[in-house]
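Enquirer: One file: model.csv (CSV, C-alpha atoms).
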chain,number,residue,atom,x,y,z
A,1,MET,CA,0.0,0.0,0.0
A,2,GLU,CA,2.9,2.3,0.9
A,3,LYS,CA,4.3,1.9,-2.6
A,4,ASP,CA,1.0,3.2,-4.1
A,5,THR,CA,1.0,6.4,-2.0
A,6,ASN,CA,4.7,7.1,-2.9
A,7,LYS,CA,3.9,6.8,-6.6
A,8,LYS,CA,3.9,10.1,-8.5
A,9,ARG,CA,0.4,11.1,-9.6
A,10,ARG,CA,-0.1,13.0,-12.8
A,11,LYS,CA,-3.2,14.8,-14.2
A,12,ARG,CA,-4.3,14.1,-17.7
A,13,LYS,CA,-7.4,15.0,-19.6
A,14,LYS,CA,-9.7,12.1,-20.6
A,15,ALA,CA,-13.0,12.0,-22.4
A,16,SER,CA,-16.0,11.6,-20.2
A,17,VAL,CA,-19.5,10.9,-21.6
A,18,ASP,CA,-22.8,12.1,-20.2
A,19,THR,CA,-24.7,8.9,-21.1
A,20,GLY,CA,-28.0,10.4,-20.3
A,21,ARG,CA,-27.8,13.0,-23.1
A,22,CYS,CA,-25.9,10.8,-25.6
A,23,VAL,CA,-27.9,10.0,-28.7
A,24,GLY,CA,-25.5,7.3,-29.9
A,25,CYS,CA,-24.9,8.8,-33.3
A,26,GLY,CA,-21.3,7.5,-33.4
A,27,ALA,CA,-19.7,10.8,-34.5
A,28,CYS,CA,-17.2,10.5,-31.7
A,29,GLU,CA,-16.4,6.9,-32.6
A,30,SER,CA,-15.7,7.8,-36.2
A,31,VAL,CA,-13.1,10.5,-35.2
A,32,CYS,CA,-11.4,8.8,-32.3
A,33,PRO,CA,-7.9,7.9,-33.5
A,34,LYS,CA,-7.3,5.4,-30.8
A,35,ALA,CA,-10.7,3.6,-30.9
A,36,ALA,CA,-11.1,4.7,-27.2
A,37,VAL,CA,-14.7,5.8,-27.7
A,38,LYS,CA,-17.3,3.3,-28.7
A,39,VAL,CA,-21.1,3.3,-28.9
A,40,TRP,CA,-22.2,0.6,-26.4
A,41,LYS,CA,-24.9,-1.6,-28.0
A,42,GLY,CA,-26.2,1.4,-30.0
A,43,CYS,CA,-27.3,3.1,-26.8
A,44,TYR,CA,-24.6,5.6,-25.8
A,45,ALA,CA,-20.9,6.3,-26.2
A,46,LYS,CA,-18.4,4.9,-23.7
A,47,ALA,CA,-14.9,6.1,-23.3
A,48,ASP,CA,-12.1,3.8,-22.3
A,49,GLU,CA,-9.8,5.8,-20.1
A,50,ALA,CA,-6.9,3.4,-20.6
A,51,LEU,CA,-6.9,4.0,-24.4
A,52,CYS,CA,-7.9,7.7,-24.4
A,53,VAL,CA,-5.0,10.0,-25.2
A,54,GLY,CA,-7.0,13.1,-24.4
A,55,CYS,CA,-6.9,14.6,-27.9
A,56,GLY,CA,-10.4,16.0,-27.5
A,57,LYS,CA,-11.5,15.2,-31.1
A,58,CYS,CA,-14.6,13.4,-29.8
A,59,ALA,CA,-15.6,16.3,-27.6
A,60,GLY,CA,-15.2,18.7,-30.5
A,61,THR,CA,-17.3,16.7,-32.9
A,62,CYS,CA,-20.1,15.6,-30.5
A,63,PRO,CA,-23.3,17.2,-31.9
A,64,ALA,CA,-25.1,16.7,-28.6
A,65,GLY,CA,-22.3,18.2,-26.6
A,66,CYS,CA,-22.3,15.3,-24.2
A,67,ILE,CA,-18.6,14.6,-24.1
A,68,GLU,CA,-16.4,16.6,-21.8
A,69,MET,CA,-12.6,16.4,-21.3
A,70,LYS,CA,-12.1,15.9,-17.6
A,71,GLU,CA,-8.9,15.9,-15.7
A,72,VAL,CA,-8.1,12.4,-14.3
A,73,GLU,CA,-5.3,11.5,-12.0
A,74,HIS,CA,-3.1,8.6,-12.9
A,75,ASP,CA,0.2,7.0,-12.0
A,76,ALA,CA,3.2,8.5,-13.7
A,77,GLU,CA,5.0,6.0,-16.0
B,1,MET,CA,10.5,19.4,-35.1
B,2,ARG,CA,8.3,19.3,-38.2
B,3,ASN,CA,9.0,15.6,-38.6
B,4,ASN,CA,8.0,15.0,-35.0
B,5,GLN,CA,4.7,16.9,-35.6
B,6,ARG,CA,4.0,14.9,-38.7
B,7,SER,CA,4.6,11.6,-37.1
B,8,SER,CA,2.4,12.5,-34.1
B,9,GLN,CA,-0.4,13.6,-36.5
B,10,LYS,CA,0.0,10.3,-38.4
B,11,LYS,CA,-0.4,8.4,-35.2
B,12,LEU,CA,-3.6,10.3,-34.5
B,13,GLN,CA,-5.1,9.5,-37.9
B,14,ARG,CA,-7.8,6.9,-38.0
B,15,LYS,CA,-7.5,3.9,-40.3
B,16,LYS,CA,-10.0,4.3,-43.1
B,17,HIS,CA,-12.5,1.5,-44.1
B,18,TRP,CA,-14.6,1.0,-47.1
B,19,TYR,CA,-17.7,2.3,-45.3
B,20,ASP,CA,-16.0,5.6,-44.7
B,21,TYR,CA,-16.7,6.6,-48.3
B,22,LEU,CA,-20.4,6.0,-48.3
B,23,TRP,CA,-21.0,9.8,-48.5
B,24,ILE,CA,-20.4,9.3,-52.2
B,25,TRP,CA,-23.6,7.2,-52.3
B,26,THR,CA,-25.6,10.1,-50.9
B,27,ILE,CA,-24.4,12.4,-53.7
B,28,ILE,CA,-25.1,9.8,-56.3
B,29,TYR,CA,-28.6,9.3,-54.9
B,30,PHE,CA,-29.6,12.9,-55.2
B,31,ALA,CA,-27.9,13.3,-58.6
B,32,LEU,CA,-29.9,10.3,-59.9
B,33,GLY,CA,-33.1,11.9,-58.7
B,34,PHE,CA,-32.5,14.8,-61.1
B,35,PHE,CA,-32.4,12.5,-64.1
B,36,ASN,CA,-35.0,10.0,-63.2
B,37,ILE,CA,-37.2,10.2,-60.2
B,38,LEU,CA,-37.8,6.4,-60.1
B,39,PHE,CA,-34.2,6.1,-58.7
B,40,ALA,CA,-35.7,7.6,-55.5
B,41,TRP,CA,-36.8,4.1,-54.6
B,42,LEU,CA,-33.1,3.3,-53.9
B,43,GLY,CA,-33.5,5.5,-50.8
B,44,MET,CA,-35.5,2.6,-49.3
B,45,ILE,CA,-32.0,1.0,-48.7
B,46,ASP,CA,-31.2,3.9,-46.3
B,47,PHE,CA,-34.6,3.5,-44.7
B,48,LEU,CA,-34.7,-0.2,-44.2
B,49,VAL,CA,-31.1,-1.3,-43.6
B,50,PRO,CA,-30.7,0.6,-40.3
B,51,LEU,CA,-33.9,-1.0,-39.0
B,52,ILE,CA,-32.9,-4.5,-40.2
B,53,ILE,CA,-29.4,-4.1,-38.6
B,54,ALA,CA,-30.9,-2.8,-35.3
B,55,VAL,CA,-33.5,-5.6,-35.2
B,56,CYS,CA,-30.7,-8.2,-35.9
B,57,GLY,CA,-28.8,-6.9,-32.8
B,58,GLY,CA,-26.4,-4.7,-34.6
B,59,GLY,CA,-27.6,-1.6,-32.7
B,60,LYS,CA,-26.8,1.6,-34.3
B,61,PHE,CA,-24.0,0.2,-36.6
B,62,PHE,CA,-25.6,2.0,-39.5
B,63,CYS,CA,-25.6,5.4,-37.8
B,64,ASN,CA,-22.1,4.9,-36.5
B,65,HIS,CA,-20.4,3.6,-39.6
B,66,CYS,CA,-22.6,3.5,-42.7
B,67,CYS,CA,-24.7,6.7,-42.7
B,68,GLY,CA,-23.8,8.5,-45.9
B,69,ARG,CA,-25.7,11.6,-44.9
B,70,GLY,CA,-23.9,11.9,-41.6
B,71,GLN,CA,-20.6,11.4,-43.3
B,72,LEU,CA,-21.4,14.0,-46.0
B,73,LEU,CA,-22.5,16.6,-43.3
B,74,ASN,CA,-19.3,15.8,-41.4
B,75,LEU,CA,-17.2,16.3,-44.5
B,76,LEU,CA,-18.8,19.5,-45.5
B,77,GLY,CA,-18.7,20.9,-42.0
B,78,THR,CA,-15.1,20.0,-41.2
B,79,LYS,CA,-13.1,19.7,-44.4
B,80,GLY,CA,-15.4,22.1,-46.3
B,81,LYS,CA,-15.4,24.5,-43.3
B,82,LEU,CA,-19.1,25.2,-43.9
B,83,SER,CA,-20.1,24.8,-40.3
B,84,ARG,CA,-19.9,27.5,-37.6
B,85,ASN,CA,-19.1,24.7,-35.2
B,86,ARG,CA,-21.2,26.3,-32.4
B,87,THR,CA,-22.6,24.3,-29.6
B,88,THR,CA,-25.9,22.7,-30.4
B,89,PRO,CA,-28.8,23.9,-28.3
B,90,ARG,CA,-29.7,21.4,-25.6
B,91,TRP,CA,-33.3,21.2,-26.6
B,92,MET,CA,-32.3,19.8,-30.0
B,93,SER,CA,-31.0,16.6,-28.3
B,94,SER,CA,-33.8,16.5,-25.7
B,95,LYS,CA,-36.1,13.5,-25.7
B,96,ALA,CA,-39.2,15.7,-26.2
B,97,PHE,CA,-37.9,17.2,-29.4
B,98,ARG,CA,-36.5,14.0,-30.8
B,99,TYR,CA,-39.6,12.0,-30.3
B,100,GLY,CA,-41.8,14.9,-31.3
B,101,PHE,CA,-39.9,15.2,-34.6
B,102,LEU,CA,-40.1,11.5,-35.1
B,103,ALA,CA,-43.9,11.6,-34.7
B,104,PHE,CA,-44.2,14.5,-37.1
B,105,PHE,CA,-41.9,12.8,-39.6
B,106,LEU,CA,-43.9,9.5,-39.4
B,107,ILE,CA,-47.2,11.4,-39.8
B,108,MET,CA,-45.9,13.1,-42.9
B,109,PHE,CA,-44.6,9.8,-44.2
B,110,ALA,CA,-48.0,8.2,-43.7
B,111,ASN,CA,-49.5,11.2,-45.6
B,112,MET,CA,-47.2,10.5,-48.4
B,113,VAL,CA,-48.1,6.8,-48.5
B,114,TRP,CA,-51.8,7.8,-48.4
B,115,ASN,CA,-51.3,10.0,-51.5
B,116,THR,CA,-49.6,7.1,-53.2
B,117,TYR,CA,-52.6,4.9,-52.4
B,118,LEU,CA,-55.0,7.5,-53.8
B,119,VAL,CA,-53.1,7.6,-57.1
B,120,GLY,CA,-53.0,3.8,-57.1
B,121,ALA,CA,-56.7,3.6,-56.6
B,122,GLY,CA,-57.4,6.1,-59.3
B,123,ALA,CA,-58.9,8.7,-57.0
B,124,SER,CA,-56.1,11.2,-57.7
B,125,SER,CA,-53.8,12.0,-60.6
B,126,LEU,CA,-50.0,11.8,-60.6
B,127,ARG,CA,-48.4,15.1,-59.5
B,128,GLU,CA,-45.0,15.5,-61.1
B,129,ALA,CA,-43.7,17.8,-58.4
B,130,ILE,CA,-41.7,17.5,-55.1
B,131,LYS,CA,-42.6,19.2,-51.9
B,132,LEU,CA,-39.8,20.9,-50.0
B,133,PHE,CA,-40.2,21.3,-46.2
B,134,TRP,CA,-43.6,19.6,-46.6
B,135,THR,CA,-44.9,23.0,-47.9
B,136,PHE,CA,-43.3,24.3,-51.1
B,137,ARG,CA,-44.2,22.6,-54.3
B,138,VAL,CA,-41.4,22.5,-56.8
B,139,PRO,CA,-42.1,21.3,-60.4
B,140,TRP,CA,-40.0,18.2,-61.1
B,141,SER,CA,-41.5,16.9,-64.3
B,142,TRP,CA,-38.2,16.8,-66.2
B,143,ALA,CA,-37.2,13.8,-64.1
B,144,TYR,CA,-40.2,11.7,-65.1
B,145,HIS,CA,-40.5,10.4,-68.7
B,146,GLY,CA,-43.2,7.8,-68.1
B,147,SER,CA,-42.6,4.2,-67.5
B,148,THR,CA,-44.1,0.7,-67.7
B,149,PHE,CA,-44.8,0.9,-64.0
B,150,PRO,CA,-48.1,2.1,-62.7
B,151,ASP,CA,-48.5,5.7,-61.7
B,152,TRP,CA,-48.4,5.1,-58.0
B,153,VAL,CA,-44.8,3.9,-58.3
B,154,ALA,CA,-43.8,7.4,-59.7
B,155,GLN,CA,-46.0,9.1,-57.1
B,156,TYR,CA,-44.2,7.3,-54.3
B,157,SER,CA,-40.8,8.2,-55.9
B,158,PHE,CA,-41.8,11.9,-55.9
B,159,GLY,CA,-42.9,11.7,-52.3
B,160,PHE,CA,-39.9,9.8,-51.1
B,161,TYR,CA,-37.5,12.0,-52.9
B,162,SER,CA,-39.2,15.0,-51.2
B,163,ILE,CA,-38.7,13.5,-47.8
B,164,MET,CA,-35.0,12.7,-48.5
B,165,LEU,CA,-34.2,16.1,-50.0
B,166,THR,CA,-36.1,18.0,-47.2
B,167,SER,CA,-34.3,16.1,-44.4
B,168,THR,CA,-30.9,16.7,-46.1
B,169,LEU,CA,-31.7,20.4,-46.4
B,170,ILE,CA,-32.6,20.5,-42.7
B,171,GLY,CA,-29.4,18.7,-42.0
B,172,LEU,CA,-27.4,21.2,-44.1
B,173,ILE,CA,-29.0,24.2,-42.3
B,174,VAL,CA,-28.3,22.9,-38.8
B,175,MET,CA,-24.8,21.9,-40.0
B,176,ALA,CA,-24.1,25.4,-41.0
B,177,LEU,CA,-25.6,26.9,-37.8
B,178,TYR,CA,-24.2,24.5,-35.3
B,179,LYS,CA,-21.9,21.4,-35.4
B,180,PRO,CA,-21.5,19.4,-38.6
B,181,ARG,CA,-23.5,16.4,-37.4
B,182,THR,CA,-26.2,18.2,-35.5
B,183,TRP,CA,-28.8,16.5,-37.7
B,184,CYS,CA,-27.9,13.2,-36.1
B,185,THR,CA,-29.1,14.4,-32.7
B,186,PHE,CA,-32.7,14.4,-33.9
B,187,CYS,CA,-32.6,12.2,-37.0
B,188,PRO,CA,-35.8,10.1,-37.0
B,189,MET,CA,-33.9,7.0,-38.1
B,190,GLY,CA,-31.6,7.4,-35.1
B,191,THR,CA,-34.5,7.9,-32.8
B,192,MET,CA,-36.3,4.9,-34.1
B,193,THR,CA,-34.0,2.5,-32.2
B,194,PRO,CA,-36.0,-0.6,-31.2
B,195,GLU,CA,-37.4,-0.7,-27.7
B,196,TYR,CA,-35.2,-3.6,-26.7
B,197,LEU,CA,-32.2,-1.3,-26.9
B,198,GLN,CA,-33.9,0.9,-24.4
B,199,ALA,CA,-34.5,-2.1,-22.2
B,200,GLU,CA,-30.8,-3.0,-22.4
B,201,ARG,CA,-30.0,0.6,-21.4
B,202,ARG,CA,-32.3,0.3,-18.3
B,203,ARG,CA,-30.7,-3.0,-17.3
B,204,GLU,CA,-27.2,-1.6,-17.6
B,205,THR,CA,-28.2,1.4,-15.4
B,206,LEU,CA,-29.7,-1.0,-12.8
B,207,ILE,CA,-26.5,-3.1,-12.7
B,208,ARG,CA,-24.4,0.1,-12.3
B,209,LYS,CA,-26.6,1.2,-9.4
B,210,LYS,CA,-26.2,-2.2,-7.8
B,211,GLU,CA,-22.4,-2.1,-8.3
B,212,GLY,CA,-22.4,1.4,-6.7
B,213,GLU,CA,-24.3,0.0,-3.7
B,214,GLU,CA,-21.8,-2.9,-3.4
B,215,LEU,CA,-18.9,-0.5,-3.6
B,216,VAL,CA,-20.4,1.6,-0.8
B,217,ARG,CA,-20.9,-1.6,1.3
B,218,PHE,CA,-17.3,-2.6,0.9
B,219,ALA,CA,-16.1,0.9,1.7
B,220,ILE,CA,-18.2,0.9,4.9
B,221,ILE,CA,-16.8,-2.5,5.9
B,222,GLY,CA,-13.2,-1.3,5.1
B,223,ILE,CA,-13.7,1.8,7.4
B,224,SER,CA,-15.4,-0.1,10.2
B,225,TYR,CA,-12.9,-3.0,10.2
B,226,SER,CA,-9.7,-2.2,12.1
B,227,GLY,CA,-7.3,-5.0,12.5
B,228,GLY,CA,-6.3,-8.3,10.9
B,229,ASN,CA,-5.5,-8.8,7.2
B,230,ALA,CA,-7.6,-9.0,4.1
B,231,GLU,CA,-8.3,-12.8,4.6
B,232,ASP,CA,-9.7,-12.1,8.1
B,233,LEU,CA,-11.9,-9.4,6.7
B,234,HIS,CA,-13.1,-11.8,4.0
B,235,SER,CA,-14.0,-14.5,6.4
B,236,GLU,CA,-15.8,-12.1,8.6
B,237,PHE,CA,-17.7,-10.3,5.8
B,238,PRO,CA,-18.2,-12.7,2.9
B,239,PRO,CA,-18.7,-11.0,-0.5
B,240,CYS,CA,-22.1,-11.0,-2.2
B,241,PRO,CA,-22.5,-13.7,-4.9
B,242,GLY,CA,-21.1,-12.4,-8.2
B,243,THR,CA,-19.2,-9.5,-6.7
B,244,ALA,CA,-15.8,-11.0,-7.4
B,245,SER,CA,-16.4,-11.2,-11.1
B,246,ARG,CA,-17.7,-7.7,-11.3
B,247,PHE,CA,-14.9,-6.2,-9.2
B,248,PRO,CA,-11.7,-7.9,-10.3
B,249,HIS,CA,-9.7,-5.8,-7.8
B,250,PHE,CA,-11.4,-7.7,-5.0
B,251,GLY,CA,-9.9,-10.9,-6.3
B,252,SER,CA,-11.4,-14.4,-6.4
B,253,SER,CA,-11.4,-14.6,-2.6
B,254,GLY,CA,-13.4,-11.4,-2.4
B,255,ALA,CA,-10.6,-9.7,-0.5
B,256,TYR,CA,-9.3,-6.4,-1.7
B,257,GLU,CA,-6.0,-6.9,-3.6
What do you get writing this file as structure tokens?
Expert:
Amino acid sequence: MEKDTNKKRRKRKKASVDTGRCVGCGACESVCPKAAVKVWKGCYAKADEALCVGCGKCAGTCPAGCIEMKEVEHDAE
Amino acid sequence: MRNNQRSSQKKLQRKKHWYDYLWIWTIIYFALGFFNILFAWLGMIDFLVPLIIAVCGGGKFFCNHCCGRGQLLNLLGTKGKLSRNRTTPRWMSSKAFRYGFLAFFLIMFANMVWNTYLVGAGASSLREAIKLFWTFRVPWSWAYHGSTFPDWVAQYSFGFYSIMLTSTLIGLIVMALYKPRTWCTFCPMGTMTPEYLQAERRRETLIRKKEGEELVRFAIIGISYSGGNAEDLHSEFPPCPGTASRFPHFGSSGAYE
């Protein structure tokens, strides 16, 4: 546990989807260069934080404006 | 420096597939309608394929990958720089507006089918014109030269082409005013997802809610338990059935790892 607390934490922007407002059009999926955003069973978009590089293309293209780039803390490599 | 920029840009470029070029089909479709209105029947592909895919369990695969109109709007808005790229008003993606527009669209579609029936039954004559925005009649007689098919076939073509052209024009207007694919937020085809998808959505929300409750339970146990190791904690507070599979970090024993 001690090791974890000593690890350097870094902040990085990651895509976050407001699933309640998402219409599932897939505009984000078609622009994501890392295939980090996918439309789950045609219902709404889901962003994979592990794959997301925080480029913000999905947030820029989302017509419903339901994708936000949120700062997420993660371990430094 | 420039090489580095180029390589990073290349890394962020998405791999293209055959279906990324379906916007060409949309242009061909509207072009064909100028020469012979009977080609409007080809629009039924765009009408039925999304529904068939959704019913067969493919979800919104058509919207996400194969929608030529969405691709065309995106292309004109981004590469053509015809969009102001402003935030779409929230009401446009609200359920009330989406379902309201779907209802209006279906009523107008039913009206078009009724007109086709009247021509087929001989109660009405063929009108060689298209209706834009369900209001403005535009003469389109140059695109119909008579055929071996009955008149109702042509009437349906005029009606269907009107719907396709009107929806594309609305799409282009909202593309110019807001984001390139704003049309997709209230597209009737997109709204017409089968009810079972909505059922799946509700199920997923329920599972998440339950998972949240489980996490809270574990957090409370973690705080209230002081002493011993994870194994002791597990023996004292056995996990709920199915928890281990949903929370891999709790391990197969149920203890936090």
Enquirer: Can you pull out the residues contacting Gly26 (chain A)? Cut-off 9 Å, using all atoms listed in the file, and skip same-chain residues under 5 positions away; I want them as an MDAnalysis selection string.
Expert: (chainID A and resid 31 37:39 42 44:45 62) or (chainID B and resid 60:61 63:65)
Enquirer: As a count of residues only, could you give me every residue of chain A near chain B (at most 12 Å apart, counting only C-alpha atoms)?
Expert: 43
Enquirer: Interatomic distance between CA of Leu22 (chain B) and CA of Met44 (chain B)?
Expert: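 The value is 15.5 Å.
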Enquirer: Do you have the CA of Ser125 (chain B)-CA of Phe30 (chain B) distance handy?
Expert: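 Value for the CA of Ser125 (chain B)-CA of Phe30 (chain B) distance: 24.8 Å.
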Enquirer: Using CA of Leu165 (chain B) and CA of Ala96 (chain B) as the two end points, give the distance in Å to one decimal.
Expert: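 Calculated distance between CA of Leu165 (chain B) and CA of Ala96 (chain B) is 24.3 Å.
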Enquirer: Could you tell me which of B:Asn115, B:Tyr99, B:Gly68, B:Ile52 comes closest to Tyr19 (chain B) if we count all atoms listed in the file?
Expert: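 For Tyr19 (chain B), the nearest of the candidates is B:Gly68.
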Enquirer: Between B:Leu106, B:Arg84, B:Ile24, B:Ser162, single out the one closest to Phe136 (chain B), counting all atoms listed in the file.
Expert: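 For Phe136 (chain B), the nearest of the given residues is B:Ser162.
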